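File shown here: query_39.txt, holding compact mmCIF, C-alpha atoms and all ligand atoms.
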```
# COMPACT_ATOMS: atom_id res chain seq x y z
CA MET A 22 6.41 -12.37 6.98
CA VAL A 23 4.27 -10.73 9.64
CA PRO A 24 4.75 -13.02 12.66
CA LYS A 25 1.55 -12.16 14.55
CA VAL A 26 -1.94 -11.30 13.39
CA VAL A 27 -5.38 -11.16 14.96
CA PHE A 28 -8.55 -11.07 12.85
CA GLY A 29 -12.18 -10.39 13.57
CA GLN A 30 -14.88 -7.81 14.13
CA GLY A 31 -13.99 -5.90 17.29
CA SER A 32 -10.44 -7.27 17.47
CA PHE A 33 -9.16 -3.67 17.62
CA ASP A 34 -10.14 -3.74 21.31
CA GLN A 35 -7.23 -6.11 21.92
CA LEU A 36 -4.76 -3.34 21.04
CA GLN A 37 -3.61 -2.43 24.55
CA SER A 38 -3.30 -6.04 25.71
CA ILE A 39 -1.18 -6.73 22.63
CA LEU A 40 1.06 -3.71 23.27
CA SER A 41 1.45 -4.23 26.99
CA PRO A 42 4.23 -6.90 26.93
CA GLU A 43 6.17 -4.70 24.48
CA ARG A 44 5.97 -1.59 26.64
CA LYS A 45 9.29 -0.46 28.10
CA SER A 46 9.28 1.81 31.14
CA LYS A 47 9.40 5.53 30.29
CA SER A 48 9.12 4.70 26.58
CA PRO A 49 5.92 5.77 24.88
CA PHE A 50 4.03 4.17 22.07
CA ILE A 51 3.61 6.53 19.14
CA PHE A 52 0.30 6.20 17.29
CA LEU A 53 0.26 7.50 13.72
CA VAL A 54 -3.41 7.82 12.83
CA ASP A 55 -5.11 8.87 9.58
CA ASP A 56 -6.52 12.37 10.14
CA VAL A 57 -9.83 11.22 8.66
CA PHE A 58 -10.45 9.96 12.23
CA ILE A 59 -10.15 13.41 13.84
CA GLY A 60 -13.36 13.84 15.80
CA ASN A 61 -14.13 10.12 15.73
CA ASN A 62 -14.05 9.85 19.50
CA GLU A 63 -15.27 6.29 19.52
CA LEU A 64 -12.16 5.09 17.70
CA ILE A 65 -9.78 7.43 19.56
CA ASP A 66 -11.14 6.31 22.95
CA ARG A 67 -10.56 2.70 21.98
CA ILE A 68 -6.86 3.46 21.42
CA ASN A 69 -6.73 4.18 25.14
CA LEU A 70 -3.47 6.17 25.39
CA ARG A 71 -1.38 5.42 28.50
CA PHE A 72 1.52 7.12 30.32
CA ASN A 73 3.39 9.36 27.88
CA ASP A 74 1.99 7.74 24.70
CA LYS A 75 1.58 10.16 21.83
CA LEU A 76 -1.03 10.27 19.09
CA ILE A 77 -0.09 12.04 15.86
CA PHE A 78 -2.76 12.62 13.21
CA VAL A 79 -1.37 12.40 9.70
CA SER A 80 -3.05 13.36 6.45
CA ALA A 81 -3.31 10.73 3.73
CA ASP A 82 -4.13 13.36 1.09
CA GLU A 83 -0.67 12.86 -0.33
CA GLU A 84 1.26 9.61 -0.36
CA PRO A 85 4.16 9.36 2.10
CA LYS A 86 7.42 11.11 1.33
CA THR A 87 10.93 10.49 2.59
CA ILE A 88 11.17 14.07 3.93
CA GLN A 89 7.93 13.52 5.86
CA VAL A 90 9.37 10.36 7.44
CA ASP A 91 12.59 12.20 8.32
CA GLN A 92 10.63 15.04 9.93
CA ILE A 93 8.46 12.74 12.06
CA VAL A 94 11.57 10.84 13.23
CA LYS A 95 13.32 14.12 14.05
CA ASP A 96 10.30 15.35 16.05
CA ILE A 97 10.05 12.09 18.01
CA LYS A 98 13.76 12.17 18.83
CA ALA A 99 13.51 15.82 19.92
CA GLU A 100 10.49 15.22 22.17
CA PHE A 101 11.47 11.97 23.92
CA THR A 102 14.68 11.14 25.78
CA TYR A 103 14.00 7.43 25.50
CA ARG A 104 13.48 5.58 22.26
CA PRO A 105 9.74 4.76 21.97
CA SER A 106 8.46 1.27 22.76
CA GLY A 107 6.96 1.08 19.31
CA ILE A 108 4.99 2.63 16.48
CA VAL A 109 1.34 1.85 15.78
CA GLY A 110 -0.03 2.84 12.37
CA ILE A 111 -3.82 3.14 12.03
CA GLY A 112 -5.07 3.97 8.53
CA GLY A 113 -4.81 3.00 4.88
CA GLY A 114 -1.75 2.09 2.84
CA SER A 115 -0.37 5.63 3.18
CA ILE A 116 -0.34 5.60 6.98
CA LEU A 117 0.76 1.97 7.20
CA ASP A 118 3.73 2.67 4.92
CA LEU A 119 4.60 5.82 6.82
CA SER A 120 4.55 3.86 10.09
CA LYS A 121 6.82 1.14 8.73
CA ALA A 122 9.28 3.74 7.46
CA VAL A 123 9.30 5.71 10.74
CA SER A 124 9.99 2.54 12.72
CA ILE A 125 12.92 1.73 10.41
CA MET A 126 14.35 5.23 10.59
CA LEU A 127 14.23 5.32 14.41
CA THR A 128 16.95 2.65 14.46
CA ASN A 129 18.89 3.48 11.27
CA LYS A 130 21.04 6.54 10.51
CA GLY A 131 20.54 9.11 7.77
CA SER A 132 17.50 9.82 5.61
CA ALA A 133 14.74 7.44 4.56
CA SER A 134 15.81 8.17 0.97
CA ASP A 135 19.13 6.36 1.66
CA TYR A 136 17.21 3.12 2.04
CA GLN A 137 14.89 3.21 -0.99
CA GLY A 138 15.74 0.05 -2.86
CA TRP A 139 16.22 -3.60 -1.97
CA ASP A 140 17.80 -4.82 1.28
CA LEU A 141 19.67 -1.64 2.23
CA VAL A 142 18.39 -1.45 5.83
CA LYS A 143 21.12 -2.37 8.36
CA ASN A 144 19.37 -2.52 11.75
CA LYS A 145 16.16 -4.13 12.92
CA ALA A 146 13.29 -1.63 12.98
CA LEU A 147 11.54 -0.52 16.16
CA TYR A 148 8.58 -2.76 17.14
CA HIS A 149 5.70 -1.75 14.87
CA VAL A 150 2.02 -2.62 14.63
CA GLY A 151 -0.29 -2.09 11.65
CA VAL A 152 -4.05 -1.57 11.83
CA PRO A 153 -5.60 -1.17 8.36
CA THR A 154 -8.77 0.91 8.04
CA ILE A 155 -9.25 0.38 4.29
CA SER A 156 -8.51 -2.83 2.38
CA GLY A 157 -6.63 -3.57 -0.81
CA THR A 158 -3.01 -2.44 -0.86
CA GLY A 159 -1.61 -5.36 1.11
CA ALA A 160 0.65 -2.80 2.84
CA GLU A 161 -0.35 -4.50 6.10
CA VAL A 162 1.51 -7.64 5.08
CA SER A 163 4.19 -6.61 2.58
CA ARG A 164 7.96 -6.22 3.05
CA THR A 165 7.99 -2.78 1.46
CA THR A 166 7.06 0.77 2.33
CA VAL A 167 6.52 2.87 -0.77
CA LEU A 168 7.93 6.39 -0.48
CA THR A 169 8.35 9.33 -2.79
CA GLY A 170 11.88 10.65 -2.42
CA PRO A 171 13.87 13.49 -3.97
CA VAL A 172 14.70 11.50 -7.10
CA LYS A 173 12.43 8.47 -7.13
CA LYS A 174 9.29 6.79 -5.93
CA LEU A 175 10.51 3.49 -4.59
CA GLY A 176 9.94 1.27 -1.60
CA ILE A 177 12.22 0.44 1.28
CA ASN A 178 12.15 -3.30 0.65
CA SER A 179 13.72 -5.24 3.49
CA ASP A 180 13.28 -8.07 5.97
CA PHE A 181 12.89 -5.40 8.68
CA THR A 182 10.01 -3.62 6.95
CA PRO A 183 7.06 -5.96 7.75
CA PHE A 184 4.96 -5.25 10.82
CA ASP A 185 5.65 -7.26 13.99
CA GLN A 186 1.93 -7.44 14.60
CA VAL A 187 -1.18 -6.70 12.54
CA ILE A 188 -4.74 -6.23 13.78
CA LEU A 189 -7.35 -6.98 11.12
CA ASP A 190 -10.71 -5.64 12.24
CA PRO A 191 -13.08 -5.37 9.25
CA ASP A 192 -15.37 -3.01 11.18
CA LEU A 193 -12.70 -0.30 10.96
CA THR A 194 -13.30 -0.04 7.20
CA LYS A 195 -16.95 0.94 7.62
CA GLY A 196 -16.67 4.63 6.71
CA VAL A 197 -14.66 4.30 3.51
CA PRO A 198 -16.19 6.33 0.63
CA ARG A 199 -17.45 4.22 -2.27
CA ASN A 200 -15.04 5.33 -5.00
CA GLN A 201 -12.07 4.95 -2.65
CA TRP A 202 -13.32 1.47 -1.63
CA PHE A 203 -13.27 0.53 -5.31
CA TYR A 204 -9.88 2.09 -6.20
CA THR A 205 -8.07 0.54 -3.24
CA GLY A 206 -9.92 -2.76 -3.73
CA MET A 207 -8.81 -2.81 -7.37
CA ASP A 208 -5.22 -2.40 -6.18
CA CYS A 209 -5.66 -5.87 -4.72
CA PHE A 210 -7.27 -7.24 -7.89
CA ILE A 211 -4.41 -5.80 -9.97
CA HIS A 212 -1.79 -7.25 -7.60
CA CYS A 213 -3.30 -10.68 -8.27
CA VAL A 214 -3.50 -10.22 -12.04
CA GLU A 215 0.10 -9.01 -12.24
CA SER A 216 1.41 -11.73 -9.98
CA LEU A 217 -0.54 -14.56 -11.64
CA ASN A 218 0.46 -13.47 -15.15
CA GLY A 219 4.09 -12.73 -14.35
CA THR A 220 7.23 -14.68 -15.17
CA PHE A 221 8.21 -14.68 -11.46
CA LEU A 222 5.17 -16.77 -10.54
CA ASN A 223 5.77 -19.76 -8.29
CA ALA A 224 3.50 -22.14 -6.39
CA PHE A 225 3.73 -20.04 -3.20
CA SER A 226 2.62 -16.79 -4.89
CA GLN A 227 0.09 -18.58 -7.03
CA SER A 228 -1.73 -20.15 -4.11
CA TYR A 229 -2.22 -16.75 -2.42
CA GLY A 230 -2.85 -14.92 -5.71
CA GLU A 231 -5.58 -17.30 -6.86
CA LYS A 232 -7.38 -17.08 -3.52
CA ALA A 233 -7.31 -13.28 -3.52
CA TYR A 234 -8.36 -13.14 -7.19
CA ASP A 235 -11.41 -15.34 -6.49
CA LEU A 236 -12.32 -13.27 -3.43
CA CYS A 237 -12.15 -10.07 -5.54
CA LYS A 238 -14.48 -11.55 -8.16
CA GLU A 239 -16.90 -12.51 -5.41
CA ILE A 240 -16.74 -9.08 -3.73
CA PHE A 241 -16.98 -6.95 -6.85
CA LEU A 242 -19.25 -9.07 -9.08
CA ASP A 243 -21.49 -11.10 -6.77
CA SER A 244 -24.41 -9.11 -5.38
CA SER A 245 -25.45 -11.72 -2.81
CA LEU A 246 -22.79 -10.79 -0.22
CA SER A 247 -23.82 -8.71 2.78
CA GLU A 248 -21.75 -5.59 3.48
CA GLU A 249 -20.31 -7.26 6.53
CA GLU A 250 -19.21 -10.34 4.57
CA SER A 251 -17.84 -8.18 1.81
CA ARG A 252 -15.73 -6.08 4.25
CA ALA A 253 -14.27 -9.19 5.90
CA LYS A 254 -13.54 -10.87 2.57
CA LEU A 255 -11.86 -7.78 1.12
CA MET A 256 -9.63 -7.54 4.18
CA MET A 257 -8.50 -11.13 3.58
CA ALA A 258 -8.18 -10.59 -0.18
CA SER A 259 -5.85 -7.66 0.52
CA TRP A 260 -3.76 -9.86 2.81
CA HIS A 261 -3.52 -12.72 0.32
CA GLY A 262 -2.84 -10.37 -2.60
CA GLY A 263 -0.02 -8.81 -0.59
CA MET A 264 1.39 -12.26 0.22
CA SER A 265 1.23 -13.17 -3.44
CA ILE A 266 3.34 -10.21 -4.60
CA ALA A 267 5.73 -10.49 -1.68
CA TYR A 268 6.96 -13.72 -3.27
CA SER A 269 6.68 -12.57 -6.90
CA GLN A 270 6.30 -9.04 -8.28
CA VAL A 271 3.79 -6.61 -9.71
CA GLY A 272 3.77 -5.64 -13.39
CA VAL A 273 2.81 -3.16 -16.12
CA ALA A 274 0.02 -1.29 -14.29
CA HIS A 275 2.19 -0.61 -11.26
CA ALA A 276 5.26 0.42 -13.25
CA MET A 277 3.22 2.94 -15.25
CA SER A 278 1.16 4.08 -12.29
CA TYR A 279 4.34 4.97 -10.37
CA GLY A 280 5.22 7.32 -13.26
CA LEU A 281 1.79 8.97 -13.08
CA SER A 282 2.07 9.35 -9.36
CA TYR A 283 5.58 10.85 -9.45
CA VAL A 284 4.74 13.48 -12.07
CA LEU A 285 1.06 14.24 -11.41
CA GLY A 286 0.65 13.12 -7.79
CA THR A 287 -2.03 10.61 -8.85
CA LYS A 288 -2.73 8.32 -5.91
CA HIS A 289 -1.91 4.63 -6.07
CA GLY A 290 -5.34 3.00 -6.26
CA ILE A 291 -6.91 5.38 -8.77
CA GLY A 292 -3.64 5.55 -10.73
CA ASN A 293 -3.62 1.78 -11.12
CA CYS A 294 -7.24 1.88 -12.32
CA ILE A 295 -6.45 4.63 -14.87
CA VAL A 296 -3.57 2.56 -16.28
CA PHE A 297 -5.19 -0.88 -16.06
CA ASN A 298 -8.20 0.38 -18.05
CA HIS A 299 -5.85 0.56 -21.08
CA LEU A 300 -3.86 -2.66 -20.67
CA GLU A 301 -5.87 -5.10 -22.82
CA GLU A 302 -2.70 -5.85 -24.75
CA PHE A 303 -1.09 -7.32 -21.61
CA TYR A 304 -3.95 -8.59 -19.44
CA LYS A 305 -6.86 -8.98 -21.89
CA ASP A 306 -9.42 -11.09 -19.98
CA ASP A 307 -8.78 -9.34 -16.70
CA VAL A 308 -9.21 -5.89 -18.23
CA ILE A 309 -12.61 -7.06 -19.55
CA LEU A 310 -13.49 -8.24 -16.03
CA PHE A 311 -12.23 -4.95 -14.57
CA LYS A 312 -14.50 -2.99 -16.93
CA GLU A 313 -17.44 -5.14 -15.83
CA MET A 314 -16.70 -4.26 -12.21
CA VAL A 315 -16.37 -0.55 -13.04
CA ALA A 316 -19.76 -0.63 -14.79
CA LYS A 317 -21.47 -2.64 -12.05
CA HIS A 318 -20.43 -0.18 -9.36
CA ASN A 319 -20.81 2.87 -11.57
CA ILE A 320 -17.29 4.09 -10.79
CA ASP A 321 -15.67 7.04 -12.48
CA ILE A 322 -12.25 6.25 -14.00
CA PRO A 323 -10.62 9.53 -15.08
CA GLN A 324 -9.44 9.85 -18.69
CA GLY A 325 -7.20 12.23 -20.57
CA LEU A 326 -4.71 12.90 -17.74
CA CYS A 327 -1.65 12.75 -19.98
CA LYS A 328 -3.07 14.60 -22.99
CA ASN A 329 -1.42 17.91 -22.20
CA LEU A 330 1.82 16.79 -20.59
CA THR A 331 4.95 18.76 -21.50
CA GLN A 332 7.78 16.80 -23.13
CA GLN A 333 9.75 17.11 -19.90
CA GLN A 334 6.88 15.69 -17.81
CA MET A 335 6.46 12.82 -20.26
CA ASP A 336 10.20 12.10 -20.14
CA THR A 337 10.19 11.99 -16.33
CA MET A 338 7.13 9.74 -16.31
CA ILE A 339 8.86 7.34 -18.69
CA ASP A 340 12.13 7.48 -16.70
CA ILE A 341 10.30 6.53 -13.50
CA ALA A 342 8.39 3.69 -15.19
CA LEU A 343 11.53 2.31 -16.88
CA SER A 344 13.53 2.42 -13.65
CA LEU A 345 11.32 -0.30 -12.15
CA VAL A 346 13.29 -3.11 -13.77
CA PRO A 347 12.03 -6.06 -11.66
CA LEU A 348 8.42 -5.13 -12.50
CA TRP A 349 9.13 -5.27 -16.23
CA GLU A 350 11.16 -8.46 -15.90
CA ASN A 351 8.20 -10.02 -14.15
CA ALA A 352 5.60 -8.69 -16.60
CA ILE A 353 7.40 -9.26 -19.90
CA GLY A 354 10.50 -11.39 -19.23
CA ASP A 355 14.24 -10.92 -19.74
CA ASN A 356 13.81 -9.32 -23.17
CA TRP A 357 11.48 -6.61 -21.83
CA GLU A 358 13.65 -3.76 -23.13
CA THR A 359 12.96 -4.77 -26.72
CA VAL A 360 9.19 -4.53 -26.09
CA ILE A 361 8.93 -1.61 -23.66
CA THR A 362 10.67 1.24 -25.46
CA ARG A 363 10.32 4.94 -24.61
CA GLU A 364 8.10 5.39 -27.70
CA LYS A 365 5.86 2.51 -26.64
CA LEU A 366 5.40 3.97 -23.15
CA ALA A 367 4.76 7.46 -24.54
CA SER A 368 2.04 6.15 -26.85
CA MET A 369 0.42 4.23 -23.99
CA TYR A 370 0.56 7.18 -21.59
CA ARG A 371 -0.99 9.47 -24.21
CA LYS A 372 -4.14 7.29 -24.19
CA MET A 373 -4.56 7.65 -20.42
P1 LIG B 1 -4.83 5.79 1.57
O1 LIG B 1 -4.15 5.35 2.79
O2 LIG B 1 -4.10 6.77 0.70
O3 LIG B 1 -6.25 6.37 1.94
C1 LIG B 1 -7.17 6.75 0.93
C2 LIG B 1 -8.25 7.62 1.50
O4 LIG B 1 -9.13 6.85 2.31
C3 LIG B 1 -7.71 8.73 2.38
O5 LIG B 1 -8.42 9.90 2.12
C4 LIG B 1 -7.98 8.22 3.78
O6 LIG B 1 -8.11 9.27 4.70
C5 LIG B 1 -9.28 7.48 3.58
N1 LIG B 1 -9.60 6.46 4.57
C6 LIG B 1 -8.83 5.45 5.04
N2 LIG B 1 -9.52 4.69 5.91
C7 LIG B 1 -10.76 5.24 6.01
C8 LIG B 1 -11.93 4.92 6.76
N3 LIG B 1 -12.01 3.82 7.55
N4 LIG B 1 -13.01 5.71 6.61
C9 LIG B 1 -12.98 6.79 5.78
N5 LIG B 1 -11.92 7.13 5.04
C10 LIG B 1 -10.81 6.36 5.16
O7 LIG B 1 -5.30 4.60 0.63
P2 LIG B 1 -4.72 3.22 0.22
O8 LIG B 1 -5.22 3.00 -1.15
O9 LIG B 1 -5.00 2.19 1.26
O10 LIG B 1 -3.16 3.41 0.22
C11 LIG B 1 -2.43 3.95 -0.84
C12 LIG B 1 -0.98 3.94 -0.42
O11 LIG B 1 -0.55 2.60 -0.22
C13 LIG B 1 -0.04 4.54 -1.43
O12 LIG B 1 0.84 5.41 -0.75
C14 LIG B 1 0.69 3.36 -1.99
O13 LIG B 1 1.99 3.67 -2.43
C15 LIG B 1 0.71 2.42 -0.82
N6 LIG B 1 0.85 1.01 -1.16
C16 LIG B 1 1.73 0.29 -0.45
C17 LIG B 1 1.92 -1.04 -0.69
C18 LIG B 1 2.89 -1.80 0.11
O14 LIG B 1 3.06 -3.00 -0.11
N7 LIG B 1 3.56 -1.21 1.05
C19 LIG B 1 1.19 -1.69 -1.69
C20 LIG B 1 0.27 -0.93 -2.42
C21 LIG B 1 0.10 0.42 -2.14
ZN ZN B 2 -0.44 -1.73 -5.54
```
Output the file's structure in the form of structure tokens.
Amino acid sequence: MVPKVVFGQGSFDQLQSILSPERKSKSPFIFLVDDVFIGNNELIDRINLRFNDKLIFVSADEEPKTIQVDQIVKDIKAEFTYRPSGIVGIGGGSILDLSKAVSIMLTNKGSASDYQGWDLVKNKALYHVGVPTISGTGAEVSRTTVLTGPVKKLGINSDFTPFDQVILDPDLTKGVPRNQWFYTGMDCFIHCVESLNGTFLNAFSQSYGEKAYDLCKEIFLDSSLSEEESRAKLMMASWHGGMSIAYSQVGVAHAMSYGLSYVLGTKHGIGNCIVFNHLEEFYKDDVILFKEMVAKHNIDIPQGLCKNLTQQQMDTMIDIALSLVPLWENAIGDNWETVITREKLASMYRKM
């Protein structure tokens, strides 16, 4: 679990006082910041770089890759004689995941791709802080960092992955474009649905999942909330949704969305929406609710992505989806392989 968290409008201003006890002499803090904030001097000034701290802008146009993590780690090692005091990630799920992975790879040998899987990390990661600027993924609280590697899209799941500190300041999510707000918000809704309907469910996951699910219904279906309330509630829904899946698992939408993402580069939030839109068979009532939310906010969910896939692309998509065994075990149960065949997946993908 994340051991320390602050919450509240304006709490981002506590950043330097939080970092100060962790600062080692001659060792910089490295700030990995979403490049959407280039030119946003108000935010950059509030970071308040000190000594030899370094700010690196990173694009979130593509989801993080293992080679990208390896390159950032190589550059940091080449530039600084001393190991940094810590890594601070400021951005959405992409930048938060990248920051977690970089902090792991600064204390572990080899390539980030060596650690994609469950509990493969040997050494404690460098001190790392997460500051989300868009809500929904739960990446700020989870024990995984999802990376696309040379052969798979899979997280580094480990006890060393979670942030040492998180700063939850709902004001930082103010500029998020409407469609993106919805797609990433629905990631949270889908986390809850998949956790609450899964065979791995337990009282711990359920308590967080139900809270986040109710918050999502309030945020996306109740018009009486002010924007400020809605931002704060979505930030907490994201947190609780992340806590829920940390102690259970995700399901069908995520398994299939990983396939889409690997082959077509479809991003996580929108990919989940594209898949979930067609999952009545597995999550009937929640797909109805999802469609209500889509209609209420007049959101565009792309269709027909897989119509013209080559056989080879379809095969890869299915391979990636099938490789996510724990997700299927959670969604369907031990006999999942009798239900989720290659033909079944192909027919589902063709509808999307
Ligand atoms: P993102 O980080 O990819 O960002 C989406 C877009 O929103 C980007 O264009 C970004 O620049 C922009 N953006 C972010 N904050 C903004 C702001 N305040 N104002 C304006 N624009 C802003 O989006 P995401 O949906 O948060 O993250 C997706 C990533 O999260 C994927 O890589 C996915 O694999 C990962 N993920 C991780 C976990 C986990 O537990 N580690 C869980 C779910 C998803
Ligand atoms: Zn997700």
Which residues, written as a PyMOL selection string, have at least one atom at most 8 Å from Met256 (chain A), with only C-alpha atoms counted and residues fewer than 4 positions away on the same chain left out?
-> chain A and resi 155-157+189+191+252+260
How about saving the chosen residues, C-alpha atoms kept, as a PDB file, in the frame of the given file?
```pdb
ATOM      1  CA  ILE A 155      -9.250   0.380   4.290  1.00  0.00           C
ATOM      2  CA  SER A 156      -8.510  -2.830   2.380  1.00  0.00           C
ATOM      3  CA  GLY A 157      -6.630  -3.570  -0.810  1.00  0.00           C
ATOM      4  CA  LEU A 189      -7.350  -6.980  11.120  1.00  0.00           C
ATOM      5  CA  PRO A 191     -13.080  -5.370   9.250  1.00  0.00           C
ATOM      6  CA  ARG A 252     -15.730  -6.080   4.250  1.00  0.00           C
ATOM      7  CA  TRP A 260      -3.760  -9.860   2.810  1.00  0.00           C
TER       8      TRP A 260
END
```
Out of A:Lys174, A:Arg71, A:Lys238, A:His212, which residue has the shortest atom-to-atom distance to Ala274 (chain A) when counting all atoms listed in the file?
->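 For Ala274 (chain A), the nearest of the given residues is A:His212.
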Which residue out of A:Ser245, A:Ala352, A:Leu147, A:Leu345 has the minimum interatomic distance to Leu222 (chain A) when all atoms listed in the file are used?
->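 Ranked by minimum distance to Leu222 (chain A), first place goes to A:Ala352.
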Mind listing the residues within 8 Å of ligand LIG 1 (chain B), all atoms listed in the file counted, as a PyMOL selection string?
-> chain A and resi 55-58+80-85+112-118+153-168+176+193-198+201-202+204-206+208+263+288-290
Looking at only C-alpha atoms, which of A:Ser48, A:Ser247, A:Ser282, A:Gln324 is the one that sits closest to Ile295 (chain A)?
->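 Nearest candidate to Ile295 (chain A) out of A:Ser48, A:Ser247, A:Ser282, A:Gln324: A:Gln324.
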Nearest to Glu250 (chain A) by atom-to-atom distance, counting all atoms listed in the file, from A:Gln332, A:Asn129, A:Gln30, A:Ser41 |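 Among the listed residues, A:Gln30 lies closest to Glu250 (chain A).
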Separation of CA of Asn73 (chain A) from CA of Val142 (chain A), in Å and rounded to one decimal =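 These atoms are spaced 28.8 Å apart.
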Can you list every residue of region 135-248 of chain A that has an atom at most 12 Å from region 298-301 of chain A, with its nearest atom pair and the distance in Å to one decimal, using all atoms listed in the file, ordered by chain then number, as JSON lines?
```
{"residue": "A:Met207", "atom": "CA", "partner": "A:Asn298", "partner_atom": "CA", "distance": 11.2}
{"residue": "A:Ile211", "atom": "CA", "partner": "A:Asn298", "partner_atom": "CA", "distance": 10.9}
{"residue": "A:Val214", "atom": "CA", "partner": "A:Leu300", "partner_atom": "CA", "distance": 11.5}
{"residue": "A:Glu215", "atom": "CA", "partner": "A:Leu300", "partner_atom": "CA", "distance": 11.3}
```
In terms of the shortest atom-to-atom distance over all atoms listed in the file, which of A:Val150, A:Met277, A:Leu330, A:Ile39 is closest to ligand ZN 2 (chain B)?
-> A:Met277
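Distances to Val152 (chain A) were evaluated for A:Phe50, A:Phe33, A:Tyr268, A:Phe303 using all atoms listed in the file, and the minimum falls at A:Phe33.
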Close residues, Asn223 (chain A) itself excluded, 8 Å, all atoms listed in the file, min 3 positions apart in chain, as a PyMOL selection string | chain A and resi 226-227+268-269
Taking (14.3, 12.9, 14.3) in the file's coordinates as the center, which residues reach within 12 Å of it, counting all atoms listed in the file, put as a ChimeraX atom specification?
-> /A:88-102,104,123-133
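A straight line drawn from CA of Glu231 (chain A) to CA of Ser251 (chain A) is 17.6 Å long.
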Skip Val273 (chain A) itself and residues of its chain fewer than 6 positions away, then list as an NGL selection string all residues within 12 Å of it, counting all atoms listed in the file.
-> :A and (211-212 or 214-216 or 218-219 or 279-280 or 293-294 or 296-304 or 342-343 or 345-354 or 357 or 360-361 or 366 or 369-370)
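The interatomic distance for the pair CA of Cys209 (chain A) and CA of Ser259 (chain A) works out to 5.5 Å.
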Please provide as a ChimeraX atom specification all residues within 8 Å of Lys372 (chain A), with the sequence filter that same-chain residues fewer than 6 positions apart are discarded (counting all atoms listed in the file).
-> /A:299,325,327-328
